[in-house]
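File shown: start-v7.pdb. Contents: PDB, C-alpha atoms, pLDDT in the B column.
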MODEL        1
ATOM      1  CA  MET A  13       1.363  64.147  -1.943  1.00 55.00           C
ATOM      2  CA  LYS A  14       3.170  63.496  -5.239  1.00 55.00           C
ATOM      3  CA  LYS A  15       4.058  67.171  -5.450  1.00 56.00           C
ATOM      4  CA  HIS A  16       5.715  67.066  -1.992  1.00 49.00           C
ATOM      5  CA  LEU A  17       7.665  63.907  -2.860  1.00 50.00           C
ATOM      6  CA  PHE A  18       8.828  65.476  -6.120  1.00 47.00           C
ATOM      7  CA  ARG A  19      10.051  68.570  -4.233  1.00 54.00           C
ATOM      8  CA  PHE A  20      11.776  66.437  -1.622  1.00 44.00           C
ATOM      9  CA  PHE A  21      13.636  64.335  -4.193  1.00 44.00           C
ATOM     10  CA  THR A  22      14.504  67.399  -6.280  1.00 49.00           C
ATOM     11  CA  MET A  23      15.981  69.116  -3.221  1.00 46.00           C
ATOM     12  CA  LEU A  24      17.797  65.916  -2.260  1.00 37.00           C
ATOM     13  CA  ILE A  25      19.356  65.629  -5.729  1.00 50.00           C
ATOM     14  CA  CYS A  26      20.367  69.313  -5.716  1.00 42.00           C
ATOM     15  CA  LEU A  27      21.864  69.024  -2.238  1.00 43.00           C
ATOM     16  CA  THR A  28      23.799  65.905  -3.240  1.00 47.00           C
ATOM     17  CA  ALA A  29      25.134  67.660  -6.347  1.00 45.00           C
ATOM     18  CA  VAL A  30      26.215  70.742  -4.397  1.00 43.00           C
ATOM     19  CA  LEU A  31      27.925  68.653  -1.716  1.00 46.00           C
ATOM     20  CA  SER A  32      29.672  66.516  -4.335  1.00 49.00           C
ATOM     21  CA  VAL A  33      30.976  69.528  -6.258  1.00 44.00           C
ATOM     22  CA  SER A  34      32.113  71.343  -3.103  1.00 47.00           C
ATOM     23  CA  THR A  35      33.837  68.217  -1.784  1.00 51.00           C
ATOM     24  CA  LEU A  36      35.618  67.472  -5.045  1.00 48.00           C
ATOM     25  CA  SER A  37      36.652  71.095  -5.575  1.00 50.00           C
ATOM     26  CA  GLY A  38      38.935  70.750  -2.548  1.00 54.00           C
ATOM     27  CA  CYS A  39      40.847  68.016  -4.346  1.00 55.00           C
ATOM     28  CA  SER A  40      43.586  69.552  -6.434  1.00 54.00           C
ATOM     29  CA  GLY A  41      46.727  68.309  -8.054  1.00 54.00           C
ATOM     30  CA  ARG A  42      48.902  70.904  -6.298  1.00 54.00           C
ATOM     31  CA  LYS A  43      50.635  68.302  -4.135  1.00 55.00           C
ATOM     32  CA  ASN A  44      53.170  67.594  -6.884  1.00 52.00           C
ATOM     33  CA  ALA A  45      53.478  71.187  -8.032  1.00 57.00           C
ATOM     34  CA  LYS A  46      56.171  73.267  -6.361  1.00 66.00           C
ATOM     35  CA  GLN A  47      54.606  76.209  -4.573  1.00 74.00           C
ATOM     36  CA  GLU A  48      56.025  79.119  -2.650  1.00 88.00           C
ATOM     37  CA  THR A  49      55.411  79.327   1.069  1.00 92.00           C
ATOM     38  CA  VAL A  50      53.372  82.326   2.179  1.00 94.00           C
ATOM     39  CA  LYS A  51      54.212  83.645   5.639  1.00 95.00           C
ATOM     40  CA  LEU A  52      51.218  84.958   7.600  1.00 95.00           C
ATOM     41  CA  THR A  53      50.842  86.171  11.157  1.00 96.00           C
ATOM     42  CA  LEU A  54      47.419  85.816  12.733  1.00 95.00           C
ATOM     43  CA  ASN A  55      46.819  87.807  15.912  1.00 94.00           C
ATOM     44  CA  GLU A  56      43.854  86.474  17.899  1.00 92.00           C
ATOM     45  CA  VAL A  57      42.352  88.673  20.594  1.00 88.00           C
ATOM     46  CA  ALA A  58      42.198  85.720  23.017  1.00 87.00           C
ATOM     47  CA  HIS A  59      42.254  81.937  22.909  1.00 85.00           C
ATOM     48  CA  SER A  60      38.714  80.691  22.327  1.00 81.00           C
ATOM     49  CA  ILE A  61      37.046  77.326  22.102  1.00 76.00           C
ATOM     50  CA  PHE A  62      35.332  78.694  19.000  1.00 77.00           C
ATOM     51  CA  TYR A  63      38.690  78.682  17.207  1.00 82.00           C
ATOM     52  CA  ALA A  64      39.214  74.963  17.936  1.00 85.00           C
ATOM     53  CA  PRO A  65      39.049  73.975  14.238  1.00 88.00           C
ATOM     54  CA  MET A  66      41.869  76.418  13.504  1.00 90.00           C
ATOM     55  CA  TYR A  67      43.999  75.054  16.365  1.00 93.00           C
ATOM     56  CA  VAL A  68      43.501  71.527  15.044  1.00 94.00           C
ATOM     57  CA  ALA A  69      44.381  72.633  11.499  1.00 94.00           C
ATOM     58  CA  ILE A  70      47.596  74.217  12.793  1.00 94.00           C
ATOM     59  CA  GLN A  71      48.497  71.154  14.847  1.00 95.00           C
ATOM     60  CA  GLU A  72      47.762  68.736  12.000  1.00 96.00           C
ATOM     61  CA  GLY A  73      49.812  70.749   9.490  1.00 95.00           C
ATOM     62  CA  TYR A  74      46.956  71.689   7.169  1.00 96.00           C
ATOM     63  CA  PHE A  75      48.287  75.223   6.654  1.00 94.00           C
ATOM     64  CA  GLU A  76      51.738  73.916   5.698  1.00 95.00           C
ATOM     65  CA  GLU A  77      50.137  71.492   3.236  1.00 95.00           C
ATOM     66  CA  GLU A  78      48.599  74.524   1.514  1.00 95.00           C
ATOM     67  CA  GLY A  79      51.877  76.456   1.482  1.00 95.00           C
ATOM     68  CA  ILE A  80      51.082  78.726   4.433  1.00 95.00           C
ATOM     69  CA  GLU A  81      53.562  79.264   7.228  1.00 96.00           C
ATOM     70  CA  LEU A  82      51.222  80.526   9.944  1.00 95.00           C
ATOM     71  CA  THR A  83      52.428  82.242  13.084  1.00 96.00           C
ATOM     72  CA  LEU A  84      49.736  82.495  15.770  1.00 95.00           C
ATOM     73  CA  VAL A  85      50.005  85.338  18.288  1.00 95.00           C
ATOM     74  CA  THR A  86      47.590  86.216  21.089  1.00 93.00           C
ATOM     75  CA  GLY A  87      47.007  89.948  21.422  1.00 91.00           C
ATOM     76  CA  PHE A  88      45.249  89.863  24.807  1.00 91.00           C
ATOM     77  CA  GLY A  89      42.875  92.648  23.822  1.00 88.00           C
ATOM     78  CA  ALA A  90      41.170  93.925  20.699  1.00 87.00           C
ATOM     79  CA  ASP A  91      43.069  97.221  20.890  1.00 88.00           C
ATOM     80  CA  LYS A  92      46.408  95.379  20.819  1.00 92.00           C
ATOM     81  CA  THR A  93      45.250  93.070  18.027  1.00 91.00           C
ATOM     82  CA  MET A  94      44.111  96.033  15.918  1.00 89.00           C
ATOM     83  CA  THR A  95      47.384  97.849  16.594  1.00 90.00           C
ATOM     84  CA  ALA A  96      49.327  94.791  15.391  1.00 93.00           C
ATOM     85  CA  VAL A  97      47.297  94.663  12.165  1.00 91.00           C
ATOM     86  CA  LEU A  98      47.557  98.412  11.483  1.00 89.00           C
ATOM     87  CA  ALA A  99      51.302  98.394  12.249  1.00 90.00           C
ATOM     88  CA  GLY A 100      51.871  95.521   9.812  1.00 92.00           C
ATOM     89  CA  GLU A 101      52.927  93.098  12.548  1.00 95.00           C
ATOM     90  CA  ALA A 102      50.010  90.814  11.635  1.00 94.00           C
ATOM     91  CA  GLU A 103      48.142  90.256   8.386  1.00 93.00           C
ATOM     92  CA  ILE A 104      45.027  88.887  10.086  1.00 91.00           C
ATOM     93  CA  GLY A 105      43.367  89.855  13.380  1.00 90.00           C
ATOM     94  CA  PHE A 106      40.587  87.955  15.127  1.00 87.00           C
ATOM     95  CA  MET A 107      38.580  90.512  17.116  1.00 85.00           C
ATOM     96  CA  GLY A 108      35.161  92.066  17.352  1.00 79.00           C
ATOM     97  CA  PRO A 109      33.977  94.598  14.765  1.00 80.00           C
ATOM     98  CA  GLU A 110      33.815  97.464  17.245  1.00 82.00           C
ATOM     99  CA  THR A 111      37.588  97.934  17.013  1.00 85.00           C
ATOM    100  CA  THR A 112      37.312  98.656  13.297  1.00 84.00           C
ATOM    101  CA  VAL A 113      34.695 101.315  14.026  1.00 84.00           C
ATOM    102  CA  TYR A 114      36.961 102.908  16.659  1.00 85.00           C
ATOM    103  CA  ALA A 115      39.918 102.967  14.252  1.00 84.00           C
ATOM    104  CA  TYR A 116      37.793 104.396  11.444  1.00 85.00           C
ATOM    105  CA  ASN A 117      36.316 107.083  13.716  1.00 87.00           C
ATOM    106  CA  GLU A 118      39.834 108.052  14.815  1.00 85.00           C
ATOM    107  CA  GLY A 119      40.675 108.777  11.179  1.00 84.00           C
ATOM    108  CA  ALA A 120      42.645 105.682  10.191  1.00 79.00           C
ATOM    109  CA  LYS A 121      43.385 106.006   6.487  1.00 79.00           C
ATOM    110  CA  ASP A 122      44.029 102.290   5.980  1.00 77.00           C
ATOM    111  CA  TYR A 123      41.335 100.713   8.143  1.00 74.00           C
ATOM    112  CA  VAL A 124      40.713  96.976   8.149  1.00 80.00           C
ATOM    113  CA  VAL A 125      37.982  94.979   6.433  1.00 78.00           C
ATOM    114  CA  ASN A 126      35.775  92.797   8.623  1.00 77.00           C
ATOM    115  CA  PHE A 127      34.547  89.318   7.862  1.00 72.00           C
ATOM    116  CA  ALA A 128      31.357  89.054   9.882  1.00 62.00           C
ATOM    117  CA  GLN A 129      30.277  86.104  11.995  1.00 58.00           C
ATOM    118  CA  LEU A 130      33.440  84.099  11.860  1.00 58.00           C
ATOM    119  CA  THR A 131      32.294  82.130  14.892  1.00 57.00           C
ATOM    120  CA  GLN A 132      28.540  82.900  14.735  1.00 59.00           C
ATOM    121  CA  ARG A 133      28.474  83.474  18.493  1.00 60.00           C
ATOM    122  CA  ALA A 134      29.872  86.100  20.829  1.00 62.00           C
ATOM    123  CA  GLY A 135      31.918  83.539  22.721  1.00 62.00           C
ATOM    124  CA  ASN A 136      30.394  84.269  26.093  1.00 67.00           C
ATOM    125  CA  PHE A 137      29.657  81.534  28.575  1.00 72.00           C
ATOM    126  CA  LEU A 138      27.544  81.559  31.716  1.00 79.00           C
ATOM    127  CA  VAL A 139      29.219  79.549  34.441  1.00 80.00           C
ATOM    128  CA  ALA A 140      28.367  78.941  38.082  1.00 84.00           C
ATOM    129  CA  ARG A 141      30.354  77.804  41.093  1.00 85.00           C
ATOM    130  CA  GLU A 142      27.880  74.998  41.729  1.00 88.00           C
ATOM    131  CA  GLU A 143      25.815  72.802  39.428  1.00 91.00           C
ATOM    132  CA  ILE A 144      22.276  74.047  38.806  1.00 90.00           C
ATOM    133  CA  PRO A 145      20.108  71.176  37.570  1.00 92.00           C
ATOM    134  CA  ASP A 146      17.344  72.161  35.139  1.00 94.00           C
ATOM    135  CA  PHE A 147      18.682  75.714  34.802  1.00 93.00           C
ATOM    136  CA  THR A 148      16.415  78.415  33.367  1.00 93.00           C
ATOM    137  CA  TRP A 149      17.242  82.066  32.804  1.00 92.00           C
ATOM    138  CA  SER A 150      14.725  83.056  35.480  1.00 93.00           C
ATOM    139  CA  ASP A 151      17.102  81.421  37.996  1.00 92.00           C
ATOM    140  CA  LEU A 152      19.265  84.549  37.606  1.00 91.00           C
ATOM    141  CA  LYS A 153      16.621  86.913  39.028  1.00 93.00           C
ATOM    142  CA  GLY A 154      18.009  88.553  42.152  1.00 92.00           C
ATOM    143  CA  LYS A 155      21.481  87.106  41.564  1.00 88.00           C
ATOM    144  CA  GLU A 156      24.680  89.000  40.901  1.00 85.00           C
ATOM    145  CA  VAL A 157      26.217  88.186  37.517  1.00 82.00           C
ATOM    146  CA  LEU A 158      29.814  89.152  36.845  1.00 76.00           C
ATOM    147  CA  GLY A 159      30.507  90.236  33.288  1.00 69.00           C
ATOM    148  CA  GLY A 160      33.681  89.782  31.294  1.00 62.00           C
ATOM    149  CA  ARG A 161      36.621  92.109  31.402  1.00 57.00           C
ATOM    150  CA  LYS A 162      36.154  95.843  31.909  1.00 58.00           C
ATOM    151  CA  GLY A 163      35.445  97.650  28.654  1.00 54.00           C
ATOM    152  CA  ALA A 164      34.336  94.541  26.799  1.00 52.00           C
ATOM    153  CA  VAL A 165      31.304  94.701  24.561  1.00 49.00           C
ATOM    154  CA  PHE A 166      28.669  92.413  26.091  1.00 43.00           C
TER     155      PHE A 166
ENDMDL
END

Hey, can you dump this file as structure tokens for me?
Amino acid sequence: MKKHLFRFFTMLICLTAVLSVSTLSGCSGRKNAKQETVKLTLNEVAHSIFYAPMYVAIQEGYFEEEGIELTLVTGFGADKTMTAVLAGEAEIGFMGPETTVYAYNEGAKDYVVNFAQLTQRAGNFLVAREEIPDFTWSDLKGKEVLGGRKGAVF
């Protein structure tokens, strides 16, 4: 029992230390220092609820506080978002990794680098026309389910 308590308190102390350091590392004295503004264009494949923290950060001016002038553009398709990034119209593109594979396989010399699991979910939702109390996946047996847009990776 003492061994388990020791482990628990050791982990608690380590967790507290890590959280304290990571919290305080975000505090910098750059507010008074004059910094250059960096202009960035971010092309998102589509508006998504999973990007809500970014939308709030834009609205609240967090990017400006850090010296970033962010322009948000919606590409309305991964192919268009990738084209914008490869053409230099956007520095950042939010899209699935399959587009990078397509560009690489087509022989792109300057292909993009992916940051995996930005949202940790695919962003798909199952919705119904009517409420289904106590839903289970077996409720879908024999039903027709409409997927996303044609050509999407689901």

**Request:** Output the residue selection produced by the PyMOL selection byres ((chain A and resi 100-107) around 12) on the file above, formatted as an NGL selection string.
**Result:** :A and (50-60 or 62-63 or 66 or 82-99 or 108-113 or 122-131 or 134-135 or 164-165)

Suppose we keep C-alpha atoms; can you now write the selection as a PDB file, in the frame of the given file?
ATOM      1  CA  VAL A  50      53.372  82.326   2.179  1.00 94.00           C
ATOM      2  CA  LYS A  51      54.212  83.645   5.639  1.00 95.00           C
ATOM      3  CA  LEU A  52      51.218  84.958   7.600  1.00 95.00           C
ATOM      4  CA  THR A  53      50.842  86.171  11.157  1.00 96.00           C
ATOM      5  CA  LEU A  54      47.419  85.816  12.733  1.00 95.00           C
ATOM      6  CA  ASN A  55      46.819  87.807  15.912  1.00 94.00           C
ATOM      7  CA  GLU A  56      43.854  86.474  17.899  1.00 92.00           C
ATOM      8  CA  VAL A  57      42.352  88.673  20.594  1.00 88.00           C
ATOM      9  CA  ALA A  58      42.198  85.720  23.017  1.00 87.00           C
ATOM     10  CA  HIS A  59      42.254  81.937  22.909  1.00 85.00           C
ATOM     11  CA  SER A  60      38.714  80.691  22.327  1.00 81.00           C
ATOM     12  CA  PHE A  62      35.332  78.694  19.000  1.00 77.00           C
ATOM     13  CA  TYR A  63      38.690  78.682  17.207  1.00 82.00           C
ATOM     14  CA  MET A  66      41.869  76.418  13.504  1.00 90.00           C
ATOM     15  CA  LEU A  82      51.222  80.526   9.944  1.00 95.00           C
ATOM     16  CA  THR A  83      52.428  82.242  13.084  1.00 96.00           C
ATOM     17  CA  LEU A  84      49.736  82.495  15.770  1.00 95.00           C
ATOM     18  CA  VAL A  85      50.005  85.338  18.288  1.00 95.00           C
ATOM     19  CA  THR A  86      47.590  86.216  21.089  1.00 93.00           C
ATOM     20  CA  GLY A  87      47.007  89.948  21.422  1.00 91.00           C
ATOM     21  CA  PHE A  88      45.249  89.863  24.807  1.00 91.00           C
ATOM     22  CA  GLY A  89      42.875  92.648  23.822  1.00 88.00           C
ATOM     23  CA  ALA A  90      41.170  93.925  20.699  1.00 87.00           C
ATOM     24  CA  ASP A  91      43.069  97.221  20.890  1.00 88.00           C
ATOM     25  CA  LYS A  92      46.408  95.379  20.819  1.00 92.00           C
ATOM     26  CA  THR A  93      45.250  93.070  18.027  1.00 91.00           C
ATOM     27  CA  MET A  94      44.111  96.033  15.918  1.00 89.00           C
ATOM     28  CA  THR A  95      47.384  97.849  16.594  1.00 90.00           C
ATOM     29  CA  ALA A  96      49.327  94.791  15.391  1.00 93.00           C
ATOM     30  CA  VAL A  97      47.297  94.663  12.165  1.00 91.00           C
ATOM     31  CA  LEU A  98      47.557  98.412  11.483  1.00 89.00           C
ATOM     32  CA  ALA A  99      51.302  98.394  12.249  1.00 90.00           C
ATOM     33  CA  GLY A 108      35.161  92.066  17.352  1.00 79.00           C
ATOM     34  CA  PRO A 109      33.977  94.598  14.765  1.00 80.00           C
ATOM     35  CA  GLU A 110      33.815  97.464  17.245  1.00 82.00           C
ATOM     36  CA  THR A 111      37.588  97.934  17.013  1.00 85.00           C
ATOM     37  CA  THR A 112      37.312  98.656  13.297  1.00 84.00           C
ATOM     38  CA  VAL A 113      34.695 101.315  14.026  1.00 84.00           C
ATOM     39  CA  ASP A 122      44.029 102.290   5.980  1.00 77.00           C
ATOM     40  CA  TYR A 123      41.335 100.713   8.143  1.00 74.00           C
ATOM     41  CA  VAL A 124      40.713  96.976   8.149  1.00 80.00           C
ATOM     42  CA  VAL A 125      37.982  94.979   6.433  1.00 78.00           C
ATOM     43  CA  ASN A 126      35.775  92.797   8.623  1.00 77.00           C
ATOM     44  CA  PHE A 127      34.547  89.318   7.862  1.00 72.00           C
ATOM     45  CA  ALA A 128      31.357  89.054   9.882  1.00 62.00           C
ATOM     46  CA  GLN A 129      30.277  86.104  11.995  1.00 58.00           C
ATOM     47  CA  LEU A 130      33.440  84.099  11.860  1.00 58.00           C
ATOM     48  CA  THR A 131      32.294  82.130  14.892  1.00 57.00           C
ATOM     49  CA  ALA A 134      29.872  86.100  20.829  1.00 62.00           C
ATOM     50  CA  GLY A 135      31.918  83.539  22.721  1.00 62.00           C
ATOM     51  CA  ALA A 164      34.336  94.541  26.799  1.00 52.00           C
ATOM     52  CA  VAL A 165      31.304  94.701  24.561  1.00 49.00           C
TER      53      VAL A 165
END

**Request:** Provide the CA of Leu158 (chain A) to CA of Val139 (chain A) distance in Å, to one decimal place.
**Result:**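 So the two atoms, CA of Leu158 (chain A) and CA of Val139 (chain A), lie 9.9 Å apart.
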
**Message:** Can you measure CA of Glu76 (chain A) to CA of Ala64 (chain A) for me? One decimal in Å is fine.
**Reply:**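 Calculated distance between CA of Glu76 (chain A) and CA of Ala64 (chain A) is 17.5 Å.
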
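Atom pair CA of Glu48 (chain A) / CA of Pro65 (chain A) has a distance of 24.5 Å (rounded to one decimal).
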